[in-house]
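Structure data (mmCIF, C-alpha atoms) from protein01.cif:
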data_structure
loop_
_atom_site.label_atom_id
_atom_site.label_comp_id
_atom_site.auth_asym_id
_atom_site.auth_seq_id
_atom_site.Cartn_x
_atom_site.Cartn_y
_atom_site.Cartn_z
CA MET H 1 -10.81 -16.84 -7.18
CA ARG H 2 -12.89 -13.74 -7.88
CA MET H 3 -11.28 -10.70 -6.30
CA ARG H 4 -12.56 -7.17 -5.94
CA THR H 5 -9.83 -4.72 -5.05
CA LEU H 6 -9.91 -1.27 -3.50
CA LEU H 7 -6.38 0.04 -3.04
CA THR H 8 -4.71 3.38 -3.30
CA SER H 9 -2.90 3.13 -6.64
CA LEU H 10 -1.86 0.91 -9.51
CA ALA H 11 1.79 1.59 -8.77
CA THR H 12 4.04 -1.18 -7.45
CA VAL H 13 1.87 -3.96 -8.80
CA VAL H 14 2.84 -7.61 -8.55
CA ALA H 15 0.96 -10.58 -9.92
CA VAL H 16 -0.77 -13.04 -7.59
CA THR H 17 -3.12 -15.94 -8.23
CA GLY H 18 -6.50 -14.66 -9.32
CA GLY H 19 -5.81 -10.95 -9.04
CA LEU H 20 -3.39 -8.20 -8.14
CA ALA H 21 -1.50 -7.28 -5.00
CA LEU H 22 -0.50 -3.68 -4.33
CA THR H 23 1.53 -2.14 -1.56
CA ALA H 24 -0.14 0.08 1.07
CA PRO H 25 0.87 1.85 4.29
CA THR H 26 1.58 -0.56 7.12
CA ALA H 27 0.43 -0.33 10.72
CA SER H 28 3.89 0.93 11.63
CA GLY H 29 4.28 3.19 8.57
CA SER H 30 5.89 6.59 8.66
CA THR H 31 3.87 9.61 9.71
CA GLY H 32 3.90 13.20 8.64
CA ALA H 33 2.26 16.31 10.09
CA ALA H 34 -0.41 15.67 12.71
CA GLY H 35 0.27 11.94 12.60
CA VAL H 36 -0.86 11.58 8.99
CA VAL H 37 0.45 8.39 7.41
CA ALA H 38 2.40 9.08 4.23
CA SER H 39 0.85 7.27 1.24
CA PRO H 40 3.05 7.69 -1.86
CA LEU H 41 0.76 5.44 -3.90
CA ALA H 42 -2.24 7.76 -3.89
CA ASP H 43 -2.94 10.96 -5.80
CA PRO H 44 -4.33 13.41 -3.23
CA SER H 45 -5.67 15.73 -5.94
CA VAL H 46 -8.38 13.37 -7.27
CA ALA H 47 -11.68 12.03 -5.93
CA PRO H 48 -11.61 8.67 -4.11
CA GLY H 49 -12.65 6.99 -7.35
CA GLY H 50 -9.37 8.07 -8.93
CA ASN H 51 -7.34 6.11 -6.38
CA PHE H 52 -9.76 3.29 -5.53
CA ASP H 53 -11.80 0.87 -7.61
CA LEU H 54 -15.29 1.82 -6.51
CA GLY H 55 -17.06 -0.27 -9.15
CA VAL H 56 -18.22 -2.80 -6.53
CA TRP H 57 -19.43 -0.39 -3.87
CA GLN H 58 -22.36 1.91 -3.22
CA LEU H 59 -22.15 4.81 -0.76
CA GLN H 60 -24.68 5.78 1.89
CA GLU H 61 -24.41 9.25 3.42
CA PRO H 62 -25.93 10.87 6.55
CA ILE H 63 -28.06 13.33 4.54
CA GLY H 64 -31.36 13.10 2.71
CA SER H 65 -34.92 12.86 4.00
CA PRO H 66 -35.82 11.32 7.39
CA GLY H 67 -35.51 7.54 7.26
CA SER H 68 -34.13 7.68 3.71
CA PRO H 69 -30.40 8.55 3.59
CA THR H 70 -28.85 9.63 0.30
CA THR H 71 -27.29 6.79 -1.71
CA ILE H 72 -24.57 7.27 -4.33
CA SER H 73 -24.31 4.59 -7.02
CA SER H 74 -21.11 2.87 -8.10
CA SER H 75 -21.23 4.61 -11.47
CA ARG H 76 -21.16 8.05 -9.81
CA LEU H 77 -18.30 7.09 -7.49
CA GLN H 78 -15.87 5.93 -10.14
CA GLY H 79 -13.01 7.89 -11.69
CA ALA H 80 -10.74 10.79 -10.82
CA ASN H 81 -13.67 13.19 -11.21
CA GLY H 82 -16.08 10.93 -9.36
CA PHE H 83 -18.34 11.90 -6.51
CA GLN H 84 -16.97 13.44 -3.34
CA ASP H 85 -18.29 15.87 -0.76
CA SER H 86 -17.75 16.76 2.90
CA TYR H 87 -18.88 13.29 4.05
CA PHE H 88 -16.80 11.24 1.58
CA TYR H 89 -13.60 12.63 0.11
CA THR H 90 -9.90 12.28 -0.55
CA ASP H 91 -7.64 13.60 2.20
CA THR H 92 -5.44 16.06 0.30
CA ARG H 93 -2.50 15.35 2.63
CA ASP H 94 -2.14 11.61 1.99
CA GLY H 95 -4.78 10.45 -0.52
CA ALA H 96 -6.81 8.46 2.02
CA MET H 97 -10.46 7.69 1.21
CA THR H 98 -12.11 9.45 4.13
CA PHE H 99 -15.58 9.02 5.66
CA TRP H 100 -17.21 11.55 8.01
CA ALA H 101 -20.32 10.72 10.04
CA PRO H 102 -21.54 13.40 12.48
CA GLU H 103 -23.62 12.62 15.55
CA LYS H 104 -26.58 14.41 13.98
CA GLY H 105 -27.54 13.06 10.56
CA VAL H 106 -30.15 11.20 8.56
CA THR H 107 -30.38 7.53 9.55
CA THR H 108 -31.97 4.39 8.15
CA PRO H 109 -35.34 3.34 9.65
CA ASN H 110 -33.63 0.57 11.67
CA SER H 111 -30.84 2.65 13.21
CA ASN H 112 -30.46 5.71 15.44
CA TYR H 113 -26.95 6.42 14.16
CA ALA H 114 -25.68 8.27 11.11
CA ARG H 115 -23.17 6.77 8.72
CA SER H 116 -20.96 7.46 5.74
CA GLU H 117 -20.41 3.90 4.60
CA LEU H 118 -19.81 1.71 1.55
CA ARG H 119 -22.14 -1.20 0.81
CA GLU H 120 -20.82 -4.09 -1.31
CA MET H 121 -22.29 -4.42 -4.82
CA ASN H 122 -21.77 -6.67 -7.84
CA ARG H 123 -20.07 -5.39 -11.00
CA SER H 124 -23.45 -5.59 -12.74
CA GLY H 125 -24.84 -3.00 -10.36
CA SER H 126 -26.97 -5.43 -8.39
CA ALA H 127 -26.60 -5.75 -4.63
CA ALA H 128 -24.01 -8.28 -3.43
CA ASP H 129 -25.77 -11.17 -1.67
CA TRP H 130 -23.52 -14.20 -1.08
CA SER H 131 -24.05 -17.41 0.86
CA LEU H 132 -22.05 -18.40 3.94
CA SER H 133 -20.62 -21.40 2.09
CA GLY H 134 -17.21 -20.82 0.54
CA THR H 135 -14.60 -18.34 1.71
CA HIS H 136 -15.28 -14.60 1.86
CA THR H 137 -12.83 -11.98 3.16
CA MET H 138 -12.53 -8.21 3.51
CA LYS H 139 -9.13 -6.70 4.28
CA ALA H 140 -8.56 -3.09 5.28
CA THR H 141 -5.79 -0.70 6.24
CA LEU H 142 -7.15 2.37 8.02
CA ARG H 143 -6.93 4.86 10.82
CA VAL H 144 -9.63 6.47 12.93
CA VAL H 145 -8.87 10.18 12.65
CA SER H 146 -11.40 11.18 15.33
CA VAL H 147 -14.26 9.58 17.22
CA THR H 148 -16.61 10.82 19.94
CA SER H 149 -17.13 7.45 21.60
CA ASN H 150 -17.49 4.51 19.23
CA VAL H 151 -17.57 3.84 15.47
CA CYS H 152 -18.18 0.73 13.37
CA VAL H 153 -15.52 0.46 10.65
CA GLY H 154 -16.49 -2.89 9.06
CA GLN H 155 -19.48 -5.22 8.88
CA ILE H 156 -20.80 -8.43 7.48
CA HIS H 157 -24.50 -7.71 7.13
CA LEU H 158 -27.47 -10.00 6.58
CA GLY H 159 -28.92 -9.90 3.08
CA SER H 160 -31.77 -11.94 1.65
CA GLY H 161 -33.20 -15.05 3.29
CA GLY H 162 -35.46 -13.61 5.96
CA SER H 163 -36.84 -10.47 7.56
CA SER H 164 -33.92 -9.59 9.85
CA THR H 165 -32.08 -6.30 9.30
CA LYS H 166 -29.24 -7.21 11.68
CA PRO H 167 -25.53 -7.67 10.90
CA LEU H 168 -23.75 -10.98 11.31
CA LEU H 169 -20.91 -8.98 12.86
CA GLU H 170 -19.66 -5.44 13.39
CA LEU H 171 -16.10 -4.32 14.07
CA TYR H 172 -16.00 -1.31 16.42
CA TYR H 173 -13.29 1.18 17.31
CA ARG H 174 -13.74 3.01 20.62
CA SER H 175 -12.30 6.34 21.74
CA SER H 176 -10.18 4.43 24.29
CA GLY H 177 -8.40 2.77 21.37
CA ASP H 178 -10.06 -0.59 21.98
CA ILE H 179 -10.98 -2.59 18.88
CA VAL H 180 -14.07 -4.69 19.63
CA LEU H 181 -15.82 -7.34 17.53
CA GLY H 182 -19.57 -7.66 18.01
CA THR H 183 -20.96 -11.02 16.88
CA GLU H 184 -24.75 -11.26 16.60
CA ASN H 185 -26.31 -14.01 18.71
CA SER H 186 -29.18 -14.66 16.29
CA PRO H 187 -30.99 -12.92 13.41
CA SER H 188 -33.45 -11.55 15.98
CA GLY H 189 -30.70 -9.61 17.76
CA GLY H 190 -28.32 -9.46 20.71
CA GLN H 191 -24.55 -9.07 20.40
CA THR H 192 -21.60 -10.69 22.14
CA LEU H 193 -18.60 -8.35 22.38
CA HIS H 194 -14.96 -9.46 22.07
CA THR H 195 -12.06 -7.03 22.65
CA VAL H 196 -9.47 -7.91 20.03
CA GLY H 197 -6.87 -5.13 20.16
CA ASN H 198 -5.98 -1.56 21.06
CA VAL H 199 -4.58 1.17 18.79
CA ALA H 200 -4.30 4.85 19.65
CA VAL H 201 -6.56 7.30 17.84
CA GLY H 202 -4.85 8.53 14.67
CA LYS H 203 -2.60 5.47 14.29
CA THR H 204 -2.82 3.16 11.30
CA TRP H 205 -3.93 -0.44 11.76
CA SER H 206 -5.30 -3.32 9.71
CA TYR H 207 -8.05 -5.91 9.87
CA THR H 208 -9.25 -8.93 7.95
CA ILE H 209 -12.85 -10.04 8.43
CA GLY H 210 -13.94 -13.31 6.87
CA VAL H 211 -16.18 -16.33 6.96
CA SER H 212 -15.30 -19.85 5.86
CA GLY H 213 -16.85 -23.30 5.79
CA GLY H 214 -20.31 -21.88 6.27
CA ASN H 215 -19.93 -21.76 10.05
CA THR H 216 -16.80 -19.84 11.10
CA ILE H 217 -15.94 -16.16 11.44
CA ASN H 218 -12.23 -15.39 11.03
CA LEU H 219 -10.87 -12.09 12.32
CA THR H 220 -7.31 -10.80 12.11
CA VAL H 221 -6.32 -7.47 13.69
CA ASN H 222 -2.71 -6.36 13.20
CA GLY H 223 -1.64 -9.96 12.59
CA SER H 224 -3.48 -11.55 15.53
CA THR H 225 -6.21 -14.01 14.47
CA THR H 226 -9.28 -15.25 16.35
CA HIS H 227 -12.18 -17.48 15.27
CA TYR H 228 -15.87 -17.49 16.23
CA SER H 229 -18.68 -19.94 15.48
CA ILE H 230 -21.66 -18.82 13.41
CA PRO H 231 -24.98 -19.95 14.95
CA SER H 232 -27.04 -22.20 12.69
CA SER H 233 -29.91 -19.67 12.84
CA PHE H 234 -27.98 -17.60 10.25
CA ASN H 235 -27.78 -20.42 7.69
CA ALA H 236 -30.81 -19.23 5.72
CA TYR H 237 -29.35 -15.76 5.19
CA LYS H 238 -27.04 -14.46 2.53
CA GLN H 239 -24.53 -11.72 3.36
CA TYR H 240 -22.64 -8.65 2.13
CA PHE H 241 -19.72 -6.51 3.35
CA LYS H 242 -19.81 -2.89 4.53
CA ALA H 243 -16.96 -0.53 5.43
CA GLY H 244 -16.56 3.12 6.38
CA SER H 245 -17.67 5.27 9.31
CA TYR H 246 -20.89 4.08 10.97
CA ASN H 247 -21.03 6.33 14.03
CA GLN H 248 -22.32 4.67 17.21
CA SER H 249 -23.35 7.80 19.11
CA SER H 250 -25.95 10.47 18.46
CA SER H 251 -26.69 14.02 19.63
CA ASP H 252 -27.73 17.36 18.16
CA SER H 253 -24.12 18.10 17.16
CA THR H 254 -23.04 18.31 13.53
CA THR H 255 -19.40 18.88 14.50
CA LYS H 256 -18.88 15.88 16.78
CA GLY H 257 -18.68 12.47 15.17
CA ALA H 258 -16.39 9.87 13.64
CA ARG H 259 -13.92 10.42 10.81
CA VAL H 260 -12.22 7.33 9.34
CA ALA H 261 -9.49 7.21 6.66
CA PHE H 262 -8.92 4.10 4.54
CA TYR H 263 -5.63 3.34 2.75
CA GLY H 264 -6.58 -0.09 1.45
CA LEU H 265 -9.70 -2.25 1.15
CA THR H 266 -9.92 -5.62 -0.57
CA VAL H 267 -12.90 -7.96 -0.89
CA ALA H 268 -12.44 -11.53 -2.14
CA HIS H 269 -14.78 -14.49 -2.66
CA SER H 270 -13.94 -18.09 -3.51
#
Target format structure tokens, applied to this file:
Amino acid sequence: MRMRTLLTSLATVVAVTGGLALTAPTASGSTGAAGVVASPLADPSVAPGGNFDLGVWQLQEPIGSPGSPTTISSSRLQGANGFQDSYFYTDTRDGAMTFWAPEKGVTTPNSNYARSELREMNRSGSAADWSLSGTHTMKATLRVVSVTSNVCVGQIHLGSGGSSTKPLLELYYRSSGDIVLGTENSPSGGQTLHTVGNVAVGKTWSYTIGVSGGNTINLTVNGSTTHYSIPSSFNAYKQYFKAGSYNQSSSDSTTKGARVAFYGLTVAHS
């Protein structure tokens, strides 16, 4: 199995088949000041690339020129002195890889919403673009620090195979605490929403998003698993993972928005 791992330290490592497993804060982990989850595995003094393997991710930020957000390559993200700024940084209290997306920001041509978000890449530097056949999973431990109304914290997005710019699915977190999966009805658009959990703002939780057998979406939120069929209209498309803070509201405010902290993120393909 080929595993790409993003986790908060190389401490407490144990061997597993095809890769490494590392400990991370749990959904019921201890909290410090202001509800911050203690993360003894991370170094809060370094850039996210010093705690996380960012060699298989590219970052998109909500700045740049209209319709063309700034993109940060994997090579710039890596290492303790790697890229960070006010939109993507290490939380100095607990070492979390943190994403900030204000309501006002540069967006892609196909979206009205700003994002600070990782896009899956290959080690070679090319864009990840995998078929629905096989088994593909993304696991995350995170907390939504703040949100105006709604934020997407994980996606499986359509890649090559056609002209659609839609996602296969998006996982949303709402200000009410509801966790909602949006599954796309077809490559031409339309989502079906499924409420899959509820976690208070500022609390840590976990998800696993995956596809298997070429036709099934598998979602686990805090240990509870549900399955959804993939319409055959998606069969021609390849896919890739995304994770971070993709804000789902817009205004003229640069102070309102969605801030999301990640303590663990693992992508695996087999």
Taking the file as shown, find all residues satisfying the PyMOL selection byres ((chain H and resi 222) around 7) and write them as a list in words. Trp205, Ser206, Tyr207, Thr220, Val221, Gly223 and Ser224 of chain H
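Note that atom CA of Ser45 of chain H and atom CA of Ala80 of chain H are 8.6 Å apart.
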Determine, counting all atoms listed in the file, which protein, DNA and RNA residues have an atom within 12 Å of an atom of Lys238 of chain H; residues of the same chain fewer than 5 positions away are not included. Present the result as a PyMOL selection string. chain H and resi 127-134+136+156-168+187+211+214+233
Which neighbours of Glu120 of chain H fall inside 7 Å, counting all atoms listed in the file, when residues of the same chain fewer than 6 positions from it are skipped, and could you give them as a ChimeraX atom specification? /H:56-58,127-128,240-242
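Shortest atom-to-atom contact with Leu142 of chain H among H:Thr98, H:Gln60, H:Ser86, H:Asn51: H:Thr98, counting only C-alpha atoms.
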When the PyMOL selection byres ((chain H and resi 216) around 10) is applied to the structure above, which residues does it catch, written out as a PyMOL selection string? chain H and resi 132-133+135+210-215+217-219+227-231
For this structure, which residues satisfy the selection - the PyMOL selection byres ((chain H and resi 104) around 7) - when it is evaluated on the file as given? I want them as an NGL selection string. :H and (102-103 or 105 or 114 or 250-254)
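Taking atom CA of Ser175 of chain H as the reference point, atom CA of Ala200 of chain H is found at 8.4 Å.
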Write out as AutoDock Vina command-line options an axis-aligned box for segment 56-66 of chain H: all of its atoms listed in the file, 8 Å added on each side, centre and edge lengths in Å with one decimal.
--center_x -27.0 --center_y 5.3 --center_z 0.4 --size_x 33.6 --size_y 32.1 --size_z 29.9
Atomic distance atom CA of Met121 of chain H - atom CA of Tyr89 of chain H, expressed in Å with one decimal: 19.8 Å
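Across H:Ser176, H:Ser188, H:Thr90, H:Asn247, the tightest approach to Pro44 of chain H is made by H:Thr90 when counting all atoms listed in the file.
Proximity to Ala101 of chain H was assessed for H:Pro62, H:Gly49, H:Gly125, H:Gly190 counting only C-alpha atoms; the smallest distance is recorded for H:Pro62.
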Non-local contacts of Leu193 of chain H (9 Å; only C-alpha atoms; under 6 positions in same chain excluded) as a ChimeraX atom specification: /H:180-184
Residue nearest Gly79 of chain H - candidates H:Asp94, H:Leu171, H:Gly67, H:Gly55, atoms counted: all atoms listed in the file: H:Gly55
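Distances here use all atoms listed in the file; by that measure, the residue among H:Gly244, H:Ala140, H:Glu61, H:Pro48 closest to Phe83 of chain H is H:Pro48.
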Could you tell me which of H:Ser232, H:Thr192, H:Val153, H:Asn81 comes closest to Ile179 of chain H if we count all atoms listed in the file? H:Val153
Write a file for segment 228-250 of chain H of the given structure; include N, CA and C atoms and format it as a compact mmCIF listing (two decimals), in the first residue's frame.
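And here is the file that came out, part31.txt:
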# COMPACT_ATOMS: atom_id res chain seq x y z
N TYR H 228 -22.31 5.61 0.76
CA TYR H 228 -23.12 6.27 -0.26
C TYR H 228 -22.68 5.77 -1.63
N SER H 229 -23.63 5.56 -2.52
CA SER H 229 -23.33 5.09 -3.87
C SER H 229 -22.82 6.23 -4.75
N ILE H 230 -21.87 5.91 -5.60
CA ILE H 230 -21.34 6.88 -6.56
C ILE H 230 -22.07 6.67 -7.89
N PRO H 231 -22.76 7.69 -8.40
CA PRO H 231 -23.45 7.54 -9.69
C PRO H 231 -22.47 7.18 -10.81
N SER H 232 -22.93 6.38 -11.75
CA SER H 232 -22.07 5.92 -12.84
C SER H 232 -21.58 7.07 -13.72
N SER H 233 -22.24 8.23 -13.66
CA SER H 233 -21.83 9.37 -14.47
C SER H 233 -20.45 9.89 -14.07
N PHE H 234 -19.94 9.48 -12.91
CA PHE H 234 -18.61 9.89 -12.46
C PHE H 234 -17.51 8.93 -12.91
N ASN H 235 -17.87 7.82 -13.54
CA ASN H 235 -16.88 6.78 -13.83
C ASN H 235 -15.74 7.26 -14.72
N ALA H 236 -16.01 8.21 -15.61
CA ALA H 236 -14.97 8.68 -16.53
C ALA H 236 -13.95 9.57 -15.86
N TYR H 237 -14.26 10.07 -14.66
CA TYR H 237 -13.40 11.06 -14.01
C TYR H 237 -12.41 10.43 -13.04
N LYS H 238 -11.22 11.01 -13.01
CA LYS H 238 -10.28 10.73 -11.94
C LYS H 238 -10.48 11.76 -10.84
N GLN H 239 -9.79 11.56 -9.70
CA GLN H 239 -10.10 12.32 -8.49
C GLN H 239 -8.82 12.77 -7.77
N TYR H 240 -9.00 13.67 -6.79
CA TYR H 240 -7.92 14.03 -5.87
C TYR H 240 -8.54 14.56 -4.59
N PHE H 241 -7.77 14.51 -3.49
CA PHE H 241 -8.23 14.98 -2.19
C PHE H 241 -7.88 16.45 -1.98
N LYS H 242 -8.70 17.12 -1.16
CA LYS H 242 -8.42 18.48 -0.70
C LYS H 242 -8.78 18.57 0.78
N ALA H 243 -8.08 19.43 1.52
CA ALA H 243 -8.37 19.60 2.94
C ALA H 243 -7.91 20.98 3.39
N GLY H 244 -8.65 21.58 4.33
CA GLY H 244 -8.28 22.88 4.85
C GLY H 244 -9.50 23.67 5.25
N SER H 245 -9.51 24.96 4.92
CA SER H 245 -10.63 25.85 5.21
C SER H 245 -11.12 26.46 3.91
N TYR H 246 -12.21 25.91 3.38
CA TYR H 246 -12.85 26.44 2.18
C TYR H 246 -14.15 27.08 2.65
N ASN H 247 -14.08 28.39 2.92
CA ASN H 247 -15.21 29.12 3.49
C ASN H 247 -16.41 29.05 2.55
N GLN H 248 -17.61 28.95 3.13
CA GLN H 248 -18.82 28.82 2.32
C GLN H 248 -19.74 30.04 2.47
N SER H 249 -19.17 31.16 2.86
CA SER H 249 -19.91 32.41 2.92
C SER H 249 -19.01 33.54 2.46
N SER H 250 -19.62 34.60 1.93
CA SER H 250 -18.83 35.72 1.42
C SER H 250 -19.48 37.05 1.82
